[in-house]
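Following: one structure in structure tokens, then a few remarks.
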Amino acid sequence: MTSRPTAADLAAAKDRTIPDVVPPRGGVLLCGINPGLYSAVTGFHFARPGNRFWPALHRSGFTDRLLGPAEQHLLPSYGLGITNLAARATAQAAELTAEELAEGGALLEAFVARHTPRVVAILGVTAYRTAFGRRSARIGA
């Protein structure tokens, strides 16, 4: 898609999914909460203009240059992958149920067992707490 999604595009994207970007074995798996509607329209993770994910990935030294969402296919060459706790797209993460997040936690554990990343980073402490039943979990390094 070359133009910004319309309101109708965004509404039609509700509940869509985006394929995972699988990290190489021993890599780093970045796990979002769930795709936003903008991402679901484009098919790319963290696609909304102004999203801080891609600049943060570069500034933290994970990539040698700023990548854009359409370049997510390059992430495995950097030792990285992306998945989500809940697969379905919503306008806000608050639309997800605790049951969906818990189910997503179990699915994430299976994904990790299958693909064996060295590190898994959950990008959302509140979702992590709900998905894994760890109410007192704190943000880590």
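Residues in the structure tokens are numbered from 1 in each chain, the chains being A, B, ... in the order shown, and ligands are numbered from 1 in the order shown.
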
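Counting only C-alpha atoms, Val41 (chain A) has the following residues at most 7 Å away, ignoring those fewer than 3 positions along the same chain: Asp9, Leu10, Ala13, Leu37 and Tyr38 of chain A.
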
Residues just named, written with all heavy atoms as a tab-separated table (two decimals), in the first residue's frame:
```tsv
chain	number	residue	atom	x	y	z
A	9	ASP	N	-10.55	1.22	5.38
A	9	ASP	CA	-9.47	0.22	5.38
A	9	ASP	C	-9.19	-0.25	6.80
A	9	ASP	O	-9.03	-1.45	7.06
A	9	ASP	CB	-8.18	0.80	4.81
A	9	ASP	CG	-8.25	1.15	3.34
A	9	ASP	OD1	-9.01	0.50	2.59
A	9	ASP	OD2	-7.51	2.08	2.94
A	10	LEU	N	-9.10	0.72	7.72
A	10	LEU	CA	-8.80	0.39	9.11
A	10	LEU	C	-9.91	-0.45	9.73
A	10	LEU	O	-9.64	-1.44	10.42
A	10	LEU	CB	-8.55	1.66	9.92
A	10	LEU	CG	-7.31	2.46	9.51
A	10	LEU	CD1	-7.28	3.80	10.24
A	10	LEU	CD2	-6.04	1.69	9.77
A	13	ALA	N	-9.76	-3.99	8.70
A	13	ALA	CA	-8.59	-4.73	9.17
A	13	ALA	C	-8.78	-5.35	10.56
A	13	ALA	O	-7.96	-6.14	11.00
A	13	ALA	CB	-7.38	-3.80	9.20
A	37	LEU	N	-4.46	-1.77	13.87
A	37	LEU	CA	-5.19	-1.82	12.60
A	37	LEU	C	-4.33	-1.34	11.43
A	37	LEU	O	-4.40	-1.90	10.33
A	37	LEU	CB	-6.47	-0.99	12.71
A	37	LEU	CG	-7.48	-1.48	13.75
A	37	LEU	CD1	-8.70	-0.56	13.77
A	37	LEU	CD2	-7.88	-2.93	13.52
A	38	TYR	N	-3.53	-0.33	11.64
A	38	TYR	CA	-2.66	0.18	10.58
A	38	TYR	C	-1.71	-0.93	10.12
A	38	TYR	O	-1.51	-1.15	8.92
A	38	TYR	CB	-1.88	1.40	11.08
A	38	TYR	CG	-1.30	2.26	10.00
A	38	TYR	CD1	-1.85	3.50	9.70
A	38	TYR	CD2	-0.19	1.87	9.27
A	38	TYR	CE1	-1.32	4.31	8.71
A	38	TYR	CE2	0.36	2.67	8.28
A	38	TYR	CZ	-0.22	3.88	8.01
A	38	TYR	OH	0.31	4.68	7.02
```

Original post:
Could you name the residues that touch Gly32 (chain A) at 9 Å or less, counting only C-alpha atoms, but leaving out those on the same chain fewer than 3 positions away, as a ChimeraX atom specification?
Top reply: /A:35,45-46,82-86,121-124

Original post:
Of the candidates A:Asn34, A:Val28, A:Ala91, A:Leu66, which one gets nearest to Thr116 (chain A) if we count only C-alpha atoms?
Top reply: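 Counting only C-alpha atoms, the residue closest to Thr116 (chain A) is A:Val28.
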
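Nearest residue to Gln92 (chain A) among A:Ala110, A:Val125, A:Ile33, A:Ala137 is A:Ile33, counting only C-alpha atoms.
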
**OP:** Can you check which residues of chain A DSSP gives as alpha helix (DSSP H) on the backbone and send them as JSON, numbers by chain?
**Re:** {"A": [7, 8, 9, 10, 11, 12, 37, 38, 39, 40, 41, 42, 53, 54, 55, 56, 57, 58, 59, 98, 99, 100, 101, 102, 103, 104, 105, 106, 107, 108, 109, 110, 111, 112, 113, 114, 115, 125, 126, 127, 128, 129, 130, 131, 132]}

Original post:
Which one is closest to Val119 (chain A): A:Arg59, A:Ala7, A:Gly26, A:Ala12? Count only C-alpha atoms.
Top reply: A:Gly26

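The closest residue to Arg25 (chain A), picked from A:Gly133, A:Glu109, A:Gly79, A:Glu95 and counting only C-alpha atoms, is A:Gly79.
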